[in-house]
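*Asks:* Below is a structure I'd like to ask you about.
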Amino acid sequence: MSEVKVTKRERNVIINPLVTCQPLGAMFAVAGISRGLPLVHGSQGCSTFVRYGFSRHFREPSEIAVTSLHEDAAVFGGRRNLISGLGNLASRFTPDLIGVVTTCSSEIIGDDVDGFIKTARQEIKESLGENAAEKIKIVAINTPSFVEHHYRGYDNAIKAMVDQVALEPANGNDKLNIIPGIVNPGDIREIKHILNMMGQESIMLTDTSDPFDSPLRPGSTQFKPYYPKGGTPVQELEDCSNSSGTISLCNYGAQAAGVLERKYKVPSTIGPFPIGLQNTDQFLRNVKKFSDAEITDELLDERGLLVDSMADITSRYLFGKTAAIYGDPDMVTGIAGFVCELGMTPQLVCTGVENQEFVDDMKEVSKKADGKVEIMYGQDLRSMEVRLEEEPTDIIIGHSDGRLIARDLDIPLVRVGFPVYDRVGYHRVPIVGYRGGINLLDRITNTVLEEYYDPVHWKLQQ
Amino acid sequence: MSEVKVTKRERNVIINPLVTCQPLGAMFAVAGISRGLPLVHGSQGCSTFVRYGFSRHFREPSEIAVTSLHEDAAVFGGRRNLISGLGNLASRFTPDLIGVVTTCSSEIIGDDVDGFIKTARQEIKESLGENAAEKIKIVAINTPSFVEHHYRGYDNAIKAMVDQVALEPANGNDKLNIIPGIVNPGDIREIKHILNMMGQESIMLTDTSDPFDSPLRPGSTQFKPYYPKGGTPVQELEDCSNSSGTISLCNYGAQAAGVLERKYKVPSTIGPFPIGLQNTDQFLRNVKKFSDAEITDELLDERGLLVDSMADITSRYLFGKTAAIYGDPDMVTGIAGFVCELGMTPQLVCTGVENQEFVDDMKEVSKKADGKVEIMYGQDLRSMEVRLEEEPTDIIIGHSDGRLIARDLDIPLVRVGFPVYDRVGYHRVPIVGYRGGINLLDRITNTVLEEYYDPVHWKLQQ
Amino acid sequence: MPHDLFEVDKSIPERKKHIYIKDNADPDQEIPSCNTKTIPGCMTERGCAFAGVKGVITGAVKDAAHVVHSPVGCTAYGYGTKRYPTTPDMPDGGKFPLENFNLKYIMGTDLKESDVVFGGMKKLRQSILEAAKEFPEANAIYAYATCTTGLIGDDMDGVVKELSEELGKDVVAFNAPGFSGPTQSKGHHVGNHTLFQHLVGTKEPPETTPYDVNLIGEYNIDGDLWILKPYFEEMGINILSTFTGDCCHDEICWMHRAKLSLVRCQRSATYIADLIEKKYGVPYMKVDFFGPTYCAENLRAIGKHFGLEDKAEAVIKDRMDKIKPDLELYKEKLQGKKVWVFSGGPKNWHLPRPLEECLGMEVVAVSTMFEHEDGYEKIKERVKEDTVIVDDPNSLEMEEIVEKYQPDIMLSGVKEKYLAHKLQLPCVLIHSYENGPYIGFEGFINLAKDIYASIYNPVWDLVEFKEEVEKTPKLIEEVESGDNIKLKAK
Amino acid sequence: MPHDLFEVDKSIPERKKHIYIKDNADPDQEIPSCNTKTIPGCMTERGCAFAGVKGVITGAVKDAAHVVHSPVGCTAYGYGTKRYPTTPDMPDGGKFPLENFNLKYIMGTDLKESDVVFGGMKKLRQSILEAAKEFPEANAIYAYATCTTGLIGDDMDGVVKELSEELGKDVVAFNAPGFSGPTQSKGHHVGNHTLFQHLVGTKEPPETTPYDVNLIGEYNIDGDLWILKPYFEEMGINILSTFTGDCCHDEICWMHRAKLSLVRCQRSATYIADLIEKKYGVPYMKVDFFGPTYCAENLRAIGKHFGLEDKAEAVIKDRMDKIKPDLELYKEKLQGKKVWVFSGGPKNWHLPRPLEECLGMEVVAVSTMFEHEDGYEKIKERVKEDTVIVDDPNSLEMEEIVEKYQPDIMLSGVKEKYLAHKLQLPCVLIHSYENGPYIGFEGFINLAKDIYASIYNPVWDLVEFKEEVEKTPKLIEEVESGDNIKLKAK
């Protein structure tokens with residue numbers, strides 16, 4: 001019998017938040033569209049902070065436009081800013097898609113974004129001509145900053161794009177829609193790798209892998225920093241209503257899947273975030289549910305390599321070790337489950353998102369754990385720090401924002417998720433799928449070896 | 001102008017050797033044959049120490065047979081041991097190939113290995129029948145332990161197998177022979193990945209990747225621990241005389257390539273060990289030299305990702321940092337070259353192999369370096385330690401045998417090569433090719449960040 | 001024609017007046033149009049006023065707790081964005097008990113939809129009280145308005161006034177919502193005025209000397225202050241207050257007691273020097289410590305002010321001797337390299353001459369995010385003929401600058417760095433530095449070294465895959481010299 | 001029929017006599033044939049005599065320099081293979097200056113072809129001199145014969161005798177070339193005799209007490225000694241010499257001064273206890289500290305010998321109280337689990353009863369690499385009916401054991417571990433341990449914990465991909481208890 005304790009934040013003041021506001025998620029989602037550009041309808045900080053955040057994590061350019069709202073807009077509304085912003089963006093960049101991302105300001109001002117977009121479309125048609133204008137999709141994405149968090153912003157954006165761009169279904173395309181969530185390029189590539197091994201074509205909603213990890217190849221002439229290689233083509237977005245199913249890896253937000261199911265009868269399944277053996281197994285089964293994709297021998301070999309590593313490593317080095325895990329809720333439940341598969345205890349899990357389903361899932365995961373599990377939701381990093389001061393764990397698993405906490409508590413930090421700005425390459429190495437499981441297992445184990453075995457160095461002789 | 005200093009070991013006594021004796025290399029080579037078994041003609045220690053070494057590095061079973069020479073063999077010769085050993089092995093395992101690996105004992109005793117094998121073949125034919133016996137290749141591999149080192153043993157073994165098994169050429173097969181050297185499964189897989197992207201088929205001489213990193217999948221019924229999946233099939237060994245060329249990545253030993261060139265007119269090229277941009281570029285050019293393989297856009301994208309990482313990371317975090325590099329000579333020259341590409345200085349390079357070509361290559365590499373380079377060859381780990389006590393470097397790059405040195409000198413160790421037994425997963429992560437370059441760059445950078453940037457933590461804010 | 005309309009700006013011709021090519025013959029003595037609103041739909045590098053106040057001015061204070069009155073986003077973005085390290089040392093000789101307090105924590109009121117409807121005052125009040133409880137060690141609490149609270153019209157001043165009394169410690173509100181003013185510069189302004197109005201003159205320093213100065217606009221970026229401080233100490237000058245690098249809350253309160261204010265970052269902090277002069281009669285001097293020449297000049301001027309000329313010369317000589325060999329080395333390596341400086345503001349006029357005169361580089365372009373007219377005048381004065389000066393460049397313009405002016409290196413921020421790299425243009429971070437500090441004599445060598453490392457990064461010669469290479473001859477030219485062999489670089 | 005011919009041995013029927021099924025009715029009181037040469041062409045788990053002496057006996061000595069007279073291979077293989085940690089503490093209260101000296105360095109004569117032809121004596125001499133020069137701190141030098149030097153007939157004894165005098169420190173040659181004897185056990189034997197013959201009796205301890213013992217055959221594997229030592233200290237017994245865990249060279253030289261020898265590893269070290277008894281009249285006692293029962297029994301016996309019964313009881317009670325809760329926990333978890341013990345020798349008779357009696361496990365198979373008749377007799381005595389006892393099992397036999405006897409866990413070495421895992425058989429390292437030490441009361445809990453962790457490793461339930469799983473119901477049975485919720489495991 002395992003024991004769980006569930007806590008929410010007790011104070012109102014938030015200290016070192018684990019979430020940010022909706023627009024970030026929306027910008028992330030739009031960045032995954034080929035020749036897609038986010039246009040933030042708000043103050044400059046709303047785009048600049050996010051560009052800064054993306055750049056320091058991915059070490060890539062992050063090109064996001066802004067309508068630069070100022071005092072006059074606060075008084076008279078952001079109409080002119082949005083319309084001329086759309087016009088300027090269209091004429092200077094000729095994008096395939098513009099995602100208009102609202103913010104606290106534009107939501108409070110009460111701008112009629114849909115209406116303004118209509119006007120802007122008209123103006124663009126007049127200046128660029130009908131053909132060119134038609135090629136530019138403009139999607140309104142409502143992401144009021146004071147409602148929920150970035151995770152919902154992502155969800156809202158994917159939903160808005162699917163809702164406003166997908167066409168009426170015609171012929172089935174035998175593809176699967178995948179909503180990957182706010183994950184790293186390495187993770188999306190791993191998902192594509194798995195599908196590829198299963199012979200299953202897919203439409204990523206959306207695909208940030210190449211845009212956020214793009215080669216430096218000036219010789220390949222089409223390249224522009226604001227239009228990196230890759231991303232989901234708008235045609236695929238239009239076509240996603242013809243897919244045979246939607247799988248949302250984003251465990252606690254899959255409105256787009258709902259839209260596709262209700263509007264276009266595309267069946268869908270949600271979660272789990274495929275970290276570790278069982279969750280990846282489930283992902284494979286989910287894929288099979290919607291298609292006649294095959295689980296090939298090669299894929300099972302990859303699984304076998306993870307199994308082999310776990311057999312060889314975990315009971316010897318990791319058994320009984322405790323972990324604190326923090327970050328986005330799907331990553332937290334996913335990693336917590338994996339950590340249980342490794343024979344460790346997810347002693348403390350913490351997410352900034354306030355979501356009962358997360359709590360339920362964590363309770364389920366906790367049943368696999370051999371010890372006490374504390375579930376913190378709607379919490380912040382400070383709460384976690386205080387709990388760890390009282391009851392430390394052997395390792396912490398989370399992103400770079402916890403680094404000073406880990407440093408002060410002298411608990412090693414295994415970096416995962418977003419943002420990781422104090423190490424390099426983390427955006428490229430997957431943690432999902434079987435191969436991602438091996439990576440994460442190696443990372444955890446090597447951290448444990450360095451911290452707990454190096455001091456008694458002879459234990460590493462063999 | 002850079003300055004180099006070249007030193008050889010000055011004492012006779014060897015202290016913490018950087019090499020071991022020939023048989024290990026031969027056992028490694030034979031392990032890369034599908035259903036191939038090494039039979040060590042020597043004392044039990046000769047097989048047991050190596051099995052132990054392989055197991056702790058790869059965390060895999062390592063099945064090597066031995067003729068168990070004892071006092072009586074020392075007096076009367078190892079004839080009976082070898083003949084009955086071959087017979088027992090043949091009847092109990094029915095392998096596709098047995099590599100008879102000699103040792104100091106059998107070489108000093110002066111056993112007529114070729115003659116004994118002939119007799120054994122006859123006996124096997126009698127006991128198993130002609131058909132079954134014919135399917136078992138027996139290759140004599142001379143690896144006197146008191147001549148050179150494991151690196152030569154590998155070379156001798158590949159040569160012996162090619163020499164004794166390859167058939168007279170018939171029809172060209174449009175394949176390339178690759179001699180990978182004593183490298184990790186991850187490295188061989190990366191080489192195959194590159195060739196695959198170029199649409200070039202290959203014959204690995206030999207392929208230890210799957211045998212030394214095999215899935216745990218009891219359900220796949222054919223599996224036996226001593227016959228792991230993968231490895232080079234004997235038919236490919238027979239067929240390698242039909243290849244359009246041989247590339248030996250093993251920079252300082254390519255006798256097999258020589259045999260194929262002289263005996264069967266298969267042209268060949270040697271080196272470089274493809275670590276980093278320029279060496280991998282050269283590998284690609286070498287592949288093209290022998291074939292009409294194409295350097296695809298996808299491959300150039302992988303290259304571009306390495307270039308991008310180098311642009312983003314190296315001048316900021318690594319410039320001017322010094323490294324000591326030790327291990328097998330091709331890995332050392334390869335890594336030294338890469339380290340120069342990163343703007344670092346390979347201040348001290350050290351190999352246990354005494355080879356003038358290595359020195360010449362390192363002089364060439366040193367021209368790219370921005371500082372003093374000390375080239376130690378035919379040296380040992382103790383010599384390196386003494387030099388590092390006098391003039392420390394910022395990091396050390398090498399295998400686990402240097403870990404106590406690194407610990408005592410308080411210089412962080414970036415683990416590469418063989419053996420790495422005090423961390424996990426290193427055998428699986430490639431360091432060759434463009435993707436391997438990214439891995440190695442990440443590893444080096446993260447080591448530097450942890451050691452030199454974490455203490456001034458604010459420098460990691462962005 | 002000193003103004004230029006870029007190709008990429010054809011559809012937004014109003015950008016022309018922001019782009020100025022230095023022209024000595026220009027009769028009208030023009031400068032780029034500046035400090036105006038960015039054209040909507042651009043990818044501007046500018047930030048917002050909240051960033052200006054918290055991210056630049058107040059975030060460096062080591063013993064204040066920061067409470068952002070906002071939905072969660074602004075709070076999250078206010079975390080860990082800037083490098084201003086602190087020591088735990090307090091002016092009274094004690095230690096502040098929470099290490100890295102200013103870098104480690106950020107707090108916020110976490111406003112939700114209902115707060116937008118019903119007002120956020122209650123949450124502000126509660127949050128500040130909770131903050132005080134969570135970190136009783138904090139000597140002050142700074143609260144920040146944001147777009148949301150600006151738009152819903154929360155009266156922050158009222159709340160903080162009450163709470164100051166209730167808590168017995170200063171609680172200060174900064175009213176610079178993100179949308180106010182065209183750039184983060186508005187936030188600097190608000191920060192200066194707020195700190196002056198509420199704090200300066202409210203406390204007395206533990207002791208004073210005749211050589212007390214305020215070092216204003218020095219935020220200790222990557223340790224800048226720790227380079228400058230020894231200069232002053234060696235000269236016998238006492239830094240009474242730093243505004244705001246590695247400073248504590250009380251230091252701001254007693255700035256009126258200094259004998260002289262030195263203004264380092266003149267864009268973000270001349271305001272307060274001016275206010276202090278006007279109200280308390282403390283004179284101020286604008287100083288420039290970037291590059292050895294300016295650094296020497298300004299130390300001399302300060303020395304002269306206090307009659308400490310000899311001591312200033314001693315500091316200058318000592319440091320010049322120290323950096324000379326490196327300076328020569330890097331000057332040789334960087335001779336003729338073209339540079340583009342893109343800073344927030346002042347570094348655009350701090351750096352061109354040092355880069356040119358001390359390192360032999362050629363400044364081909366300068367651009368700023370938020371400089372005002374006075375700054376642009378200085379920039380114009382200090383750059384050479386034909387240098388392009390761009391106010392608030394957007395992404396497309398940046399690419400055009402690269403194409404047109406072919407710089408060898410760019411000095412800018414993180415957002416621009418990776419874009420530059422994609423254009424094969426090396427880039428060194430000039431806001432928070434790479435391997436800084438960059439100020440003073442020694443710091444200038446750090447900058448030179450980072451520039452050198454970036455330009456000479458071997459990767460720039462390896463960007464493209466080559467189908468053919470000339471085979472490197474195996475024979476190497478060697479020059480024996482004792483044990484060692486010198487290799488001639490090819 | 002107590003002997004069994006395995007399926008895989010059909011073509012080598014001589015293996016039958018090495019495999020014995022315990023049969024209480026067996027009239028001949030047989031045991032497996034043992035200590036004979038391995039059949040050529042097998043994948044034996046055995047090592048060589050050199051490994052036996054350096055890797056087991058002498059490598060633990062903390063202040064001796066080890067010079068392997070061999071081609072490079074044997075030297076390389078002698079490095080870093082065993083876990084015998086040391087402290088720097090010396091018996092005179094000083095510290096040995098080189099930390100981890102025994103683990104950190106290995107030396108060799110690096111023989112080449114010409115040495116094989118002309119003899120390696122010169123190199124041996126030179127290497128020992130160089131070793132002495134490189135590590136002047138070393139208090140002795142141990143030199144090892146190997147196959148090569150055995151075959152070319154180098155007279156090592158002559159060289160080391162000369163050098164002992166020349167260097168003024170003990171230089172000892174161990175003549176156990178790899179091919180000598182059927183297993184590493186030959187090396188133990190040579191090691192014992194050599195150390196006895198050349199060292200024991202040559203020095204005097206700094207002081208003696210009436211309670212001095214030699215702890216023989218205790219190599220401090222993973223810190224075993226550091227578990228046992230406090231027991232003795234608390235009983236008032238002084239370990240005068242450890243042979244050879246965490247010991248220094250001199251300790252061996254004064255072993256003759258102990259009042260009693262305790263023989264821990266009776267396979268590798270009874271020889272020297274016997275020799276000391278014969279020559280110096282020091283009696284010896286065979287002891288067993290694995291598992292709480294044996295540990296208590298033997299501490300009692302030792303206490304009795306010295307008239308320290310009460311103190312022994314106190315130690316036993318203290319430790320038993322400490323481990324009781326864990327012991328109960330693991331006994332519950334491991335009840336009925338089948339175990340296969342495959343050790344070098346003695347652990348095969350040390351462990352079966354503790355595993356069965358204290359943990360409720362069932363020993364289904366035991367096998368050894370190099371046990372002799374006396375050991376097999378003990379094994380046979382201590383295992384239950386129908387247990388298979390295998391001498392020197394080879395790879396194929398190991399697989400057959402797994403199939404036939406279906407153990408839940410194997411205790412063995414690194415080489416076997418990964419083979420076991422491929423057969424879905426968990427495996428805990430019993431030679432050098434995993435998270436040891438495993439000896440004594442506390443150590444047995446470590447062993448139990450490692451066994452538990454291995455058997456209950458969640459991966460064993462996840463080995464195969466399942467096409468279908470029953471959907472986990474989202475509803476969870478909860479039992480509220482205050483703040484916490486208890487979840488019922490399904």
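Identifiers in the structure tokens: chain A, B, ... in order shown; residue index from 1 per chain; ligand index from 1 in order shown.
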For chain B against chain A, which residues fall within 7 Å using only C-alpha atoms, given as number ranges by chain?

*Replies:* B: 56, 59, 214-217, 301-302, 304-305, 307-308, 312, 421-425, 442, 446, 449, 460-462

*Asks:* Those residues you just picked out, can you put them in a file as an mmCIF file, in the first residue's frame with N, CA and C atoms?

*Replies:*
data_model
loop_
_atom_site.group_PDB
_atom_site.id
_atom_site.type_symbol
_atom_site.label_atom_id
_atom_site.label_comp_id
_atom_site.auth_asym_id
_atom_site.auth_seq_id
_atom_site.Cartn_x
_atom_site.Cartn_y
_atom_site.Cartn_z
ATOM 1 N N ARG B 56 31.810 -5.697 -18.277
ATOM 2 C CA ARG B 56 31.590 -4.527 -17.444
ATOM 3 C C ARG B 56 31.454 -3.258 -18.275
ATOM 4 N N ARG B 59 27.971 -4.206 -20.516
ATOM 5 C CA ARG B 59 26.899 -4.777 -19.708
ATOM 6 C C ARG B 59 26.084 -5.785 -20.527
ATOM 7 N N SER B 214 22.529 -5.713 -27.179
ATOM 8 C CA SER B 214 21.416 -6.479 -27.724
ATOM 9 C C SER B 214 20.203 -6.397 -26.812
ATOM 10 N N PRO B 215 19.034 -6.383 -27.437
ATOM 11 C CA PRO B 215 17.805 -6.230 -26.676
ATOM 12 C C PRO B 215 17.529 -7.444 -25.798
ATOM 13 N N LEU B 216 16.831 -7.197 -24.722
ATOM 14 C CA LEU B 216 16.320 -8.292 -23.889
ATOM 15 C C LEU B 216 14.912 -8.592 -24.373
ATOM 16 N N ARG B 217 14.806 -9.642 -25.171
ATOM 17 C CA ARG B 217 13.510 -9.991 -25.769
ATOM 18 C C ARG B 217 13.370 -11.494 -25.795
ATOM 19 N N ASP B 301 21.983 18.213 -43.594
ATOM 20 C CA ASP B 301 21.260 18.819 -42.474
ATOM 21 C C ASP B 301 21.865 18.377 -41.145
ATOM 22 N N GLU B 302 22.205 17.110 -41.064
ATOM 23 C CA GLU B 302 22.846 16.636 -39.829
ATOM 24 C C GLU B 302 24.165 17.372 -39.618
ATOM 25 N N GLY B 304 24.754 20.298 -40.739
ATOM 26 C CA GLY B 304 24.395 21.666 -40.379
ATOM 27 C C GLY B 304 24.011 21.817 -38.919
ATOM 28 N N LEU B 305 23.468 20.770 -38.354
ATOM 29 C CA LEU B 305 23.137 20.828 -36.925
ATOM 30 C C LEU B 305 24.404 20.854 -36.070
ATOM 31 N N VAL B 307 27.304 22.048 -37.162
ATOM 32 C CA VAL B 307 27.858 23.383 -37.411
ATOM 33 C C VAL B 307 27.130 24.410 -36.542
ATOM 34 N N ASP B 308 25.825 24.292 -36.521
ATOM 35 C CA ASP B 308 25.010 25.229 -35.737
ATOM 36 C C ASP B 308 25.376 25.161 -34.259
ATOM 37 N N ASP B 312 27.027 28.139 -31.992
ATOM 38 C CA ASP B 312 26.303 28.680 -30.838
ATOM 39 C C ASP B 312 27.059 28.495 -29.520
ATOM 40 N N TYR B 421 33.273 1.869 -17.383
ATOM 41 C CA TYR B 421 32.531 0.960 -16.511
ATOM 42 C C TYR B 421 31.928 1.679 -15.310
ATOM 43 N N ASP B 422 32.254 2.954 -15.153
ATOM 44 C CA ASP B 422 31.766 3.657 -13.966
ATOM 45 C C ASP B 422 30.635 4.623 -14.289
ATOM 46 N N ARG B 423 30.144 4.544 -15.479
ATOM 47 C CA ARG B 423 28.936 5.259 -15.876
ATOM 48 C C ARG B 423 28.145 4.307 -16.762
ATOM 49 N N VAL B 424 26.927 4.675 -17.124
ATOM 50 C CA VAL B 424 26.145 3.781 -17.979
ATOM 51 C C VAL B 424 25.811 4.444 -19.319
ATOM 52 N N GLY B 425 25.636 3.611 -20.308
ATOM 53 C CA GLY B 425 25.122 4.070 -21.599
ATOM 54 C C GLY B 425 26.161 4.594 -22.569
ATOM 55 N N ASP B 442 28.373 18.244 -26.835
ATOM 56 C CA ASP B 442 27.484 18.453 -25.681
ATOM 57 C C ASP B 442 28.135 17.966 -24.394
ATOM 58 N N ASN B 446 28.952 20.473 -21.460
ATOM 59 C CA ASN B 446 28.247 20.340 -20.187
ATOM 60 C C ASN B 446 29.210 20.052 -19.037
ATOM 61 N N LEU B 449 30.624 23.445 -18.305
ATOM 62 C CA LEU B 449 29.633 24.276 -17.620
ATOM 63 C C LEU B 449 29.521 23.871 -16.151
ATOM 64 N N LEU B 460 25.194 31.463 -15.942
ATOM 65 C CA LEU B 460 24.322 30.513 -16.631
ATOM 66 C C LEU B 460 22.879 31.010 -16.692
ATOM 67 N N GLN B 461 22.649 32.259 -16.295
ATOM 68 C CA GLN B 461 21.291 32.800 -16.359
ATOM 69 C C GLN B 461 20.791 32.843 -17.807
ATOM 70 N N GLN B 462 21.671 33.022 -18.738
ATOM 71 C CA GLN B 462 21.233 33.050 -20.139
ATOM 72 C C GLN B 462 22.320 32.527 -21.056
#

*Asks:* Name the residues in contact with region 60-70 of chain D at a cut-off of 6 Å, using only C-alpha atoms, excluding same-chain residues fewer than 5 positions from it; report them as a PyMOL selection string.

*Replies:* chain D and resi 75+84+102+106-111+138-146+244-245+247-248

*Asks:* I need the residues in region 310-426 of chain C that are strand (DSSP E or B) according to DSSP; give them as JSON, numbers by chain.

*Replies:* {"C": [338, 339, 340, 341, 342, 343, 362, 363, 364, 365, 366, 367, 368, 388, 389, 390, 391, 394, 409, 410, 411, 412]}

*Asks:* Counting only C-alpha atoms, collect the residues of chain A whose closest atom lies at most 10 Å from chain D, and write them out as a ChimeraX atom specification.

*Replies:* /A:1-7,277-278,280-282,284-285,288,295,300,303-304,306-320,340-344,357,360-361,363-364,366-370,372-374,453,456-462

*Asks:* Which residues come within 8 Å of Asp330 (chain B), counting only C-alpha atoms, excluding same-chain residues fewer than 2 positions away, as a ChimeraX atom specification?

*Replies:* /B:250-252,272-273,328,332-334,358

*Asks:* Could you pull out the helix (DSSP H, G or I) residues of region 29-152 of chain C, going by DSSP on the backbone, and write them as a PyMOL selection string?

*Replies:* chain C and resi 49-58+72-77+101-104+113-118+121-134+147-152

*Asks:* Suppose you want the space between CA of Gly443 (chain D) and CA of Met398 (chain D); what is it in Å?

*Replies:*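 Going from CA of Gly443 (chain D) over to CA of Met398 (chain D), I get 27.5 Å.
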
*Asks:* Region 83-90 of chain A: which residues within 10 Å, counting only C-alpha atoms, same-chain residues fewer than 5 positions away excluded, as a ChimeraX atom specification?

*Replies:* /A:37-41,65-68,78,95-100,113,115-125,127-128,132-133,136,138 /C:9,11-12,39-43

*Asks:* Which residues are near Ala257 (chain A)? Cut-off 7 Å, only C-alpha atoms, ignore same chain within fewer than 2 positions. Put them as a PyMOL selection string.

*Replies:* chain A and resi 246+248+254-255+259-261+268

*Asks:* Could you please determine the separation between CA of Arg11 (chain B) and CA of Lys112 (chain D) in Å, to one decimal place?

*Replies:*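 Spanning CA of Arg11 (chain B) to CA of Lys112 (chain D) is a straight-line distance of 14.5 Å.
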
*Asks:* Could you give me, as a PyMOL selection string, the residues within 7 Å of region 345-353 of chain D, counting only C-alpha atoms and dropping anything in the same chain fewer than 3 positions from it?

*Replies:* chain D and resi 265-267+288+290+341-342+356-357+363+366+368-371+375+378-379+382-383

*Asks:* What separation in Å, quoted to one decimal, exists between CA of Arg80 (chain B) and CA of Tyr226 (chain B)?

*Replies:*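 Those two atoms sit 24.5 Å apart.
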